>>> print(open('coords_3.csv').read())   # CSV, C-alpha atoms
chain,number,residue,atom,x,y,z
A,1,ILE,CA,0.0,0.0,0.0
A,2,SER,CA,1.5,3.3,-1.0
A,3,PRO,CA,1.3,6.3,1.3
A,4,PRO,CA,-0.9,9.3,0.2
A,5,LEU,CA,1.7,11.1,-1.9
A,6,THR,CA,0.8,14.5,-3.1
A,7,ASP,CA,2.6,16.6,-5.7
A,8,ALA,CA,4.5,18.3,-2.9
A,9,HIS,CA,5.6,15.0,-1.5
A,10,LEU,CA,6.8,13.7,-4.8
A,11,ALA,CA,8.8,16.9,-5.4
A,12,ARG,CA,10.3,16.6,-1.9
A,13,ARG,CA,11.3,13.0,-2.5
A,14,MET,CA,12.8,13.9,-5.9
A,15,ALA,CA,14.8,16.8,-4.4
A,16,TRP,CA,16.0,14.5,-1.6
A,17,ALA,CA,17.1,11.8,-4.0
A,18,GLU,CA,18.9,14.3,-6.2
A,19,GLY,CA,20.6,16.0,-3.3
A,20,TYR,CA,22.1,12.8,-2.0
A,21,GLN,CA,22.8,11.0,-5.3
A,22,HIS,CA,26.5,11.5,-5.0
A,23,PHE,CA,26.8,10.1,-1.5
A,24,THR,CA,29.3,7.2,-1.3
A,25,PHE,CA,29.2,4.2,1.0
A,26,GLU,CA,31.5,6.2,3.4
A,27,ASN,CA,28.9,9.0,3.5
A,28,TRP,CA,26.0,6.7,4.2
A,29,ALA,CA,28.1,5.0,6.9
A,30,LYS,CA,28.0,8.2,9.0
A,31,ILE,CA,24.2,7.9,9.4
A,32,LEU,CA,22.5,6.3,12.4
A,33,TRP,CA,19.1,5.0,11.1
A,34,SER,CA,16.2,4.6,13.4
A,35,ASP,CA,12.5,3.7,13.5
A,36,GLU,CA,9.7,2.1,15.4
A,37,ALA,CA,7.9,-1.1,14.7
A,38,SER,CA,5.5,-3.7,16.3
A,39,ALA,CA,5.6,-7.4,16.5
A,40,LEU,CA,2.7,-9.9,17.4
A,41,CYS,CA,2.8,-13.1,19.4
A,42,GLY,CA,2.2,-16.2,17.3
A,43,THR,CA,2.6,-16.9,13.6
A,44,TYR,CA,1.2,-14.2,11.3
A,45,GLY,CA,3.1,-14.7,8.1
A,46,GLN,CA,2.1,-17.0,5.3
A,47,VAL,CA,2.0,-20.6,6.5
A,48,TRP,CA,2.3,-23.6,4.1
A,49,VAL,CA,1.0,-27.0,4.8
A,50,GLN,CA,0.8,-30.3,2.9
A,51,ARG,CA,-2.7,-31.8,2.7
A,52,ARG,CA,-4.7,-34.2,0.6
A,53,VAL,CA,-7.1,-32.9,-2.1
A,54,GLY,CA,-10.5,-32.0,-0.6
A,55,GLU,CA,-9.3,-31.5,2.9
A,56,ALA,CA,-8.7,-27.7,2.8
A,57,TRP,CA,-10.9,-27.1,5.9
A,58,ASN,CA,-9.8,-30.2,7.9
A,59,PRO,CA,-8.9,-28.8,11.4
A,60,GLU,CA,-5.6,-30.7,11.2
A,61,TYR,CA,-4.5,-28.4,8.4
A,62,VAL,CA,-5.9,-25.1,9.6
A,63,THR,CA,-3.9,-22.5,11.5
A,64,HIS,CA,-5.8,-20.7,14.2
A,65,ARG,CA,-4.9,-17.1,15.1
A,66,GLU,CA,-6.0,-15.0,18.0
A,67,LYS,CA,-8.3,-12.0,17.1
A,68,HIS,CA,-6.4,-9.6,19.4
A,69,PRO,CA,-2.9,-11.1,19.9
A,70,ASP,CA,-0.4,-9.7,22.4
A,71,LYS,CA,1.9,-7.1,20.8
A,72,VAL,CA,5.3,-5.6,21.6
A,73,HIS,CA,6.5,-2.3,20.2
A,74,MET,CA,10.1,-1.6,19.3
A,75,TRP,CA,12.5,1.3,18.8
A,76,GLY,CA,15.9,0.5,17.3
A,77,CYS,CA,18.8,2.0,15.4
A,78,PHE,CA,21.7,0.8,13.3
A,79,SER,CA,24.5,2.0,11.1
A,80,ALA,CA,27.0,0.5,8.7
A,81,GLN,CA,29.2,-0.3,11.7
A,82,GLY,CA,26.6,-2.5,13.3
A,83,MET,CA,23.5,-2.7,15.5
A,84,GLY,CA,22.5,0.0,18.0
A,85,ASP,CA,20.2,-0.4,20.9
A,86,LEU,CA,16.8,-2.1,20.8
A,87,TYR,CA,14.2,-0.7,23.2
A,88,LEU,CA,11.0,-2.8,23.7
A,89,PHE,CA,7.8,-1.5,25.2
A,90,GLU,CA,4.1,-2.3,25.5
A,91,GLU,CA,2.6,1.2,26.2
A,92,ASN,CA,1.6,3.6,23.5
A,93,LEU,CA,4.4,5.8,22.3
A,94,ASP,CA,4.1,9.5,23.0
A,95,ALA,CA,6.6,12.4,23.1
A,96,PRO,CA,7.7,11.9,26.8
A,97,LEU,CA,8.4,8.2,26.1
A,98,MET,CA,10.2,9.1,22.9
A,99,VAL,CA,12.5,11.4,24.8
A,100,LYS,CA,13.1,8.6,27.4
A,101,ILE,CA,14.0,6.1,24.7
A,102,LEU,CA,16.4,8.6,23.0
A,103,LYS,CA,18.1,9.5,26.4
A,104,GLU,CA,18.6,5.8,27.2
A,105,CYS,CA,19.6,4.5,23.8
A,106,LEU,CA,20.6,7.1,21.2
A,107,MET,CA,23.9,8.5,22.5
A,108,ARG,CA,25.0,5.1,23.9
A,109,SER,CA,24.5,3.6,20.4
A,110,ALA,CA,26.3,6.5,18.7
A,111,ASN,CA,29.2,6.3,21.1
A,112,ARG,CA,29.5,2.6,20.4
A,113,LEU,CA,29.1,2.7,16.6
A,114,PHE,CA,31.0,5.8,15.6
A,115,PRO,CA,34.6,6.9,16.2
A,116,PRO,CA,35.1,10.5,17.2
A,117,GLY,CA,33.8,12.6,14.5
A,118,GLN,CA,30.6,13.7,12.9
A,119,TRP,CA,27.6,11.4,12.5
A,120,PHE,CA,24.0,12.1,11.6
A,121,PHE,CA,20.7,10.9,13.2
A,122,GLN,CA,17.9,9.8,10.9
A,123,GLN,CA,14.3,9.6,12.0
A,124,ASP,CA,11.1,10.1,10.0
A,125,ASN,CA,8.6,12.9,10.4
A,126,ASP,CA,6.2,11.2,12.8
A,127,PRO,CA,4.5,13.9,15.0
A,128,LYS,CA,6.2,12.4,18.1
A,129,HIS,CA,9.6,12.9,16.5
A,130,LYS,CA,8.8,16.5,15.6
A,131,SER,CA,7.3,17.3,19.0
A,132,HIS,CA,8.7,20.2,21.0
A,133,LEU,CA,9.9,17.9,23.7
A,134,VAL,CA,11.9,15.7,21.3
A,135,GLN,CA,13.2,18.5,19.2
A,136,ARG,CA,14.4,20.4,22.3
A,137,TRP,CA,16.2,17.4,23.6
A,138,ILE,CA,17.9,16.8,20.3
A,139,ALA,CA,19.0,20.4,20.0
A,140,GLN,CA,20.3,20.5,23.6
A,141,SER,CA,22.2,17.2,23.0
A,142,GLY,CA,24.0,18.7,20.0
A,143,ILE,CA,22.8,16.0,17.6
A,144,ASP,CA,22.9,16.7,13.8
A,145,CYS,CA,19.8,15.3,12.1
A,146,MET,CA,19.5,14.2,8.5
A,147,ASP,CA,16.6,16.0,6.7
A,148,TRP,CA,14.0,13.5,5.7
A,149,PRO,CA,11.1,13.5,3.1
A,150,SER,CA,7.7,12.7,4.4
A,151,TYR,CA,6.0,9.4,3.5
A,152,SER,CA,9.3,7.7,2.6
A,153,PRO,CA,9.6,4.3,4.4
A,154,ASP,CA,11.0,2.9,1.2
A,155,LEU,CA,14.1,5.1,1.7
A,156,ASN,CA,14.8,3.9,5.2
A,157,PRO,CA,16.8,0.6,5.2
A,158,ILE,CA,15.7,-0.1,8.8
A,159,GLU,CA,12.3,-1.0,7.4
A,160,ASN,CA,13.9,-4.0,5.7
A,161,LEU,CA,15.8,-4.8,8.8
A,162,TRP,CA,12.6,-4.9,10.9
A,163,ALA,CA,11.1,-7.3,8.4
A,164,ASP,CA,14.1,-9.6,8.7
A,165,VAL,CA,14.2,-9.4,12.5
A,166,LYS,CA,10.5,-10.1,12.9
A,167,ARG,CA,10.8,-13.1,10.5
A,168,ARG,CA,13.6,-14.6,12.5
A,169,ALA,CA,11.9,-13.9,15.9
A,170,GLU,CA,8.7,-15.5,14.6
A,171,ALA,CA,10.7,-18.7,14.0
A,172,PHE,CA,11.1,-19.1,17.8
A,173,ASN,CA,7.3,-19.4,18.0
A,174,PRO,CA,6.9,-17.1,21.0
A,175,ARG,CA,3.7,-17.9,23.0
A,176,ASN,CA,3.6,-14.8,25.2
A,177,VAL,CA,5.0,-11.3,25.5
A,178,GLU,CA,8.1,-12.3,27.5
A,179,GLU,CA,9.0,-15.0,25.0
A,180,LEU,CA,8.4,-12.6,22.2
A,181,LYS,CA,10.7,-10.0,23.7
A,182,LYS,CA,13.4,-12.6,24.2
A,183,ALA,CA,13.0,-13.7,20.6
A,184,LEU,CA,13.2,-10.1,19.3
A,185,ARG,CA,16.3,-9.3,21.3
A,186,THR,CA,18.0,-12.5,20.1
A,187,ALA,CA,17.1,-11.8,16.5
A,188,TRP,CA,18.3,-8.2,16.8
A,189,GLU,CA,21.6,-9.1,18.3
A,190,GLU,CA,22.2,-11.9,15.8
A,191,THR,CA,21.7,-9.8,12.7
A,192,SER,CA,24.5,-10.6,10.3
A,193,PRO,CA,27.1,-7.9,9.3
A,194,GLN,CA,26.5,-9.0,5.7
A,195,LEU,CA,22.8,-8.0,5.9
A,196,ILE,CA,23.8,-4.6,7.4
A,197,LYS,CA,26.3,-4.0,4.6
A,198,LYS,CA,23.8,-5.0,2.0
A,199,LEU,CA,21.2,-2.6,3.4
A,200,ILE,CA,23.6,0.4,3.4
A,201,GLU,CA,24.9,-0.5,-0.1
A,202,SER,CA,21.3,-0.3,-1.3
A,203,MET,CA,20.9,3.4,-0.7
A,204,PRO,CA,22.3,4.6,-4.1
A,205,LYS,CA,19.9,2.2,-5.8
A,206,ARG,CA,16.9,3.5,-3.8
A,207,LEU,CA,17.7,7.0,-4.8
A,208,LYS,CA,18.1,6.1,-8.4
A,209,ARG,CA,14.8,4.3,-8.4
A,210,VAL,CA,13.1,7.4,-6.9
A,211,ARG,CA,14.5,9.6,-9.6
A,212,GLU,CA,13.4,7.1,-12.3
A,213,LYS,CA,9.9,7.0,-10.9
A,214,GLY,CA,9.5,10.7,-10.6
A,215,GLY,CA,9.3,10.6,-6.8
A,216,TRP,CA,6.8,7.7,-6.5
A,217,MET,CA,7.4,4.7,-4.2
A,218,THR,CA,10.3,2.5,-5.2
A,219,GLY,CA,9.2,-1.0,-4.0
A,220,TYR,CA,12.0,-1.3,-1.4
>>> encode(input="coords_3.csv", output="structure tokens")
Amino acid sequence: ISPPLTDAHLARRMAWAEGYQHFTFENWAKILWSDEASALCGTYGQVWVQRRVGEAWNPEYVTHREKHPDKVHMWGCFSAQGMGDLYLFEENLDAPLMVKILKECLMRSANRLFPPGQWFFQQDNDPKHKSHLVQRWIAQSGIDCMDWPSYSPDLNPIENLWADVKRRAEAFNPRNVEELKKALRTAWEETSPQLIKKLIESMPKRLKRVREKGGWMTGY
């Protein structure tokens, strides 16, 4: 499903892609990517079973799913140098909680992943990220933020990382919230350096696709 892109959004995405088109891997490696996501208990991807013809609705071959499964929310960050912190929570995310997460996780991750020198923080334009509380903390902390075009999840490689982490966590078949949290932490910590490198290396291709499509979604 494509976000509701207007002409202004398309123009902004095009300008962003053109502005960063000459970035090298070393440039992209200075960015700390971040985002939030949610994961559900149980198996919610596509499930394949072998069954005899005519037994499609045999209970033995049917997967049952809870109508309102338990859910865990996540905030995480990563860079070309590796995985940053993962923060798990169950309450609704608001500006005060966002500041709490950044205070606990952001600078600790940046200090671990980057040598002395400049780095840039990436987050999308969610109202919580743009709130006065969050923006004031970022300014007071002296953090340089990357500008970001609205409605551009396809340009953030952490979206692909979330999909991979959730797929691997689901393989543990967590049955409750605590098992789900444990599975998510394990999957996050065991993310391969090869995947991280591949995601960062995909950035020039994403920008090229944006320019080719006139600002429309790229399929990443």
>>> residues_around(input="coords_3.csv", residues="Trp33 in chain A", least_positions_apart="5", cutoff="10 Å", atoms="only C-alpha atoms", output="number ranges by chain")
A: 28, 76-80, 83-84, 120-124, 146, 156-159
>>> residues_around(input="coords_3.csv", residues="Asn125 in chain A", least_positions_apart="4", cutoff="10 Å", atoms="only C-alpha atoms", output="PyMOL selection string")
chain A and resi 129-131+147-152
>>> closest_residue(input="coords_3.csv", among="A:Gly219, A:Pro69, A:Gly19, A:Pro3", to="Leu180 in chain A", atoms="only C-alpha atoms")
A:Pro69
>>> atom_distance(input="coords_3.csv", atom1="CA of Thr191 in chain A", atom2="CA of Met98 in chain A")
24.4 Å
>>> atom_distance(input="coords_3.csv", atom1="CA of Val134 in chain A", atom2="CA of Ala11 in chain A")
26.9 Å
>>> closest_residue(input="coords_3.csv", among="A:Leu40, A:Leu102, A:Arg209, A:Gln21", to="Asn176 in chain A", atoms="all atoms listed in the file")
A:Leu40
>>> atom_distance(input="coords_3.csv", atom1="CA of Pro153 in chain A", atom2="CA of Glu178 in chain A")
28.5 Å
>>> closest_residue(input="coords_3.csv", among="A:Pro174, A:Pro204, A:Gly214, A:Pro116", to="Lys30 in chain A", atoms="only C-alpha atoms")
A:Pro116
>>> residues_near_point(input="coords_3.csv", point="(13.6, -18.8, 15.2)", cutoff="12 Å", atoms="all atoms listed in the file", output="PDB file with C-alpha atoms, in the frame of the given file")
ATOM      1  CA  GLY A  42       2.200 -16.200  17.300  1.00  0.00           C
ATOM      2  CA  THR A  43       2.600 -16.900  13.600  1.00  0.00           C
ATOM      3  CA  ASP A 164      14.100  -9.600   8.700  1.00  0.00           C
ATOM      4  CA  VAL A 165      14.200  -9.400  12.500  1.00  0.00           C
ATOM      5  CA  LYS A 166      10.500 -10.100  12.900  1.00  0.00           C
ATOM      6  CA  ARG A 167      10.800 -13.100  10.500  1.00  0.00           C
ATOM      7  CA  ARG A 168      13.600 -14.600  12.500  1.00  0.00           C
ATOM      8  CA  ALA A 169      11.900 -13.900  15.900  1.00  0.00           C
ATOM      9  CA  GLU A 170       8.700 -15.500  14.600  1.00  0.00           C
ATOM     10  CA  ALA A 171      10.700 -18.700  14.000  1.00  0.00           C
ATOM     11  CA  PHE A 172      11.100 -19.100  17.800  1.00  0.00           C
ATOM     12  CA  ASN A 173       7.300 -19.400  18.000  1.00  0.00           C
ATOM     13  CA  PRO A 174       6.900 -17.100  21.000  1.00  0.00           C
ATOM     14  CA  GLU A 179       9.000 -15.000  25.000  1.00  0.00           C
ATOM     15  CA  LEU A 180       8.400 -12.600  22.200  1.00  0.00           C
ATOM     16  CA  LYS A 182      13.400 -12.600  24.200  1.00  0.00           C
ATOM     17  CA  ALA A 183      13.000 -13.700  20.600  1.00  0.00           C
ATOM     18  CA  LEU A 184      13.200 -10.100  19.300  1.00  0.00           C
ATOM     19  CA  ARG A 185      16.300  -9.300  21.300  1.00  0.00           C
ATOM     20  CA  THR A 186      18.000 -12.500  20.100  1.00  0.00           C
ATOM     21  CA  ALA A 187      17.100 -11.800  16.500  1.00  0.00           C
ATOM     22  CA  TRP A 188      18.300  -8.200  16.800  1.00  0.00           C
ATOM     23  CA  GLU A 190      22.200 -11.900  15.800  1.00  0.00           C
TER      24      GLU A 190
END
>>> decode(input="coords_3.csv", residues="range 164-175 of chain A", atoms="N, CA, C and O atoms", output="mmCIF file, in the first residue's frame")
data_model
loop_
_atom_site.group_PDB
_atom_site.id
_atom_site.type_symbol
_atom_site.label_atom_id
_atom_site.label_comp_id
_atom_site.auth_asym_id
_atom_site.auth_seq_id
_atom_site.Cartn_x
_atom_site.Cartn_y
_atom_site.Cartn_z
ATOM 1 N N ASP A 164 13.204 -8.470 8.530
ATOM 2 C CA ASP A 164 14.086 -9.614 8.739
ATOM 3 C C ASP A 164 14.110 -10.027 10.208
ATOM 4 O O ASP A 164 14.045 -11.223 10.525
ATOM 5 N N VAL A 165 14.189 -9.055 11.116
ATOM 6 C CA VAL A 165 14.213 -9.354 12.545
ATOM 7 C C VAL A 165 12.917 -10.045 12.975
ATOM 8 O O VAL A 165 12.938 -11.048 13.701
ATOM 9 N N LYS A 166 11.781 -9.529 12.522
ATOM 10 C CA LYS A 166 10.503 -10.124 12.913
ATOM 11 C C LYS A 166 10.347 -11.531 12.343
ATOM 12 O O LYS A 166 9.797 -12.419 13.008
ATOM 13 N N ARG A 167 10.826 -11.733 11.123
ATOM 14 C CA ARG A 167 10.752 -13.079 10.535
ATOM 15 C C ARG A 167 11.575 -14.070 11.352
ATOM 16 O O ARG A 167 11.112 -15.189 11.638
ATOM 17 N N ARG A 168 12.765 -13.680 11.752
ATOM 18 C CA ARG A 168 13.606 -14.581 12.537
ATOM 19 C C ARG A 168 13.072 -14.770 13.954
ATOM 20 O O ARG A 168 13.178 -15.862 14.520
ATOM 21 N N ALA A 169 12.489 -13.725 14.519
ATOM 22 C CA ALA A 169 11.903 -13.859 15.853
ATOM 23 C C ALA A 169 10.687 -14.791 15.822
ATOM 24 O O ALA A 169 10.472 -15.575 16.751
ATOM 25 N N GLU A 170 9.914 -14.707 14.755
ATOM 26 C CA GLU A 170 8.726 -15.546 14.630
ATOM 27 C C GLU A 170 9.088 -17.018 14.600
ATOM 28 O O GLU A 170 8.311 -17.877 15.048
ATOM 29 N N ALA A 171 10.293 -17.341 14.099
ATOM 30 C CA ALA A 171 10.729 -18.730 14.010
ATOM 31 C C ALA A 171 10.889 -19.374 15.386
ATOM 32 O O ALA A 171 10.880 -20.597 15.514
ATOM 33 N N PHE A 172 11.024 -18.547 16.444
ATOM 34 C CA PHE A 172 11.096 -19.072 17.806
ATOM 35 C C PHE A 172 9.718 -19.475 18.333
ATOM 36 O O PHE A 172 9.617 -20.044 19.427
ATOM 37 N N ASN A 173 8.659 -19.131 17.595
ATOM 38 C CA ASN A 173 7.278 -19.435 17.983
ATOM 39 C C ASN A 173 6.974 -18.947 19.400
ATOM 40 O O ASN A 173 6.538 -19.719 20.271
ATOM 41 N N PRO A 174 7.184 -17.652 19.663
ATOM 42 C CA PRO A 174 6.914 -17.120 21.015
ATOM 43 C C PRO A 174 5.430 -17.206 21.351
ATOM 44 O O PRO A 174 4.582 -16.849 20.547
ATOM 45 N N ARG A 175 5.125 -17.664 22.566
ATOM 46 C CA ARG A 175 3.730 -17.894 22.968
ATOM 47 C C ARG A 175 3.176 -16.799 23.867
ATOM 48 O O ARG A 175 1.976 -16.766 24.129
#
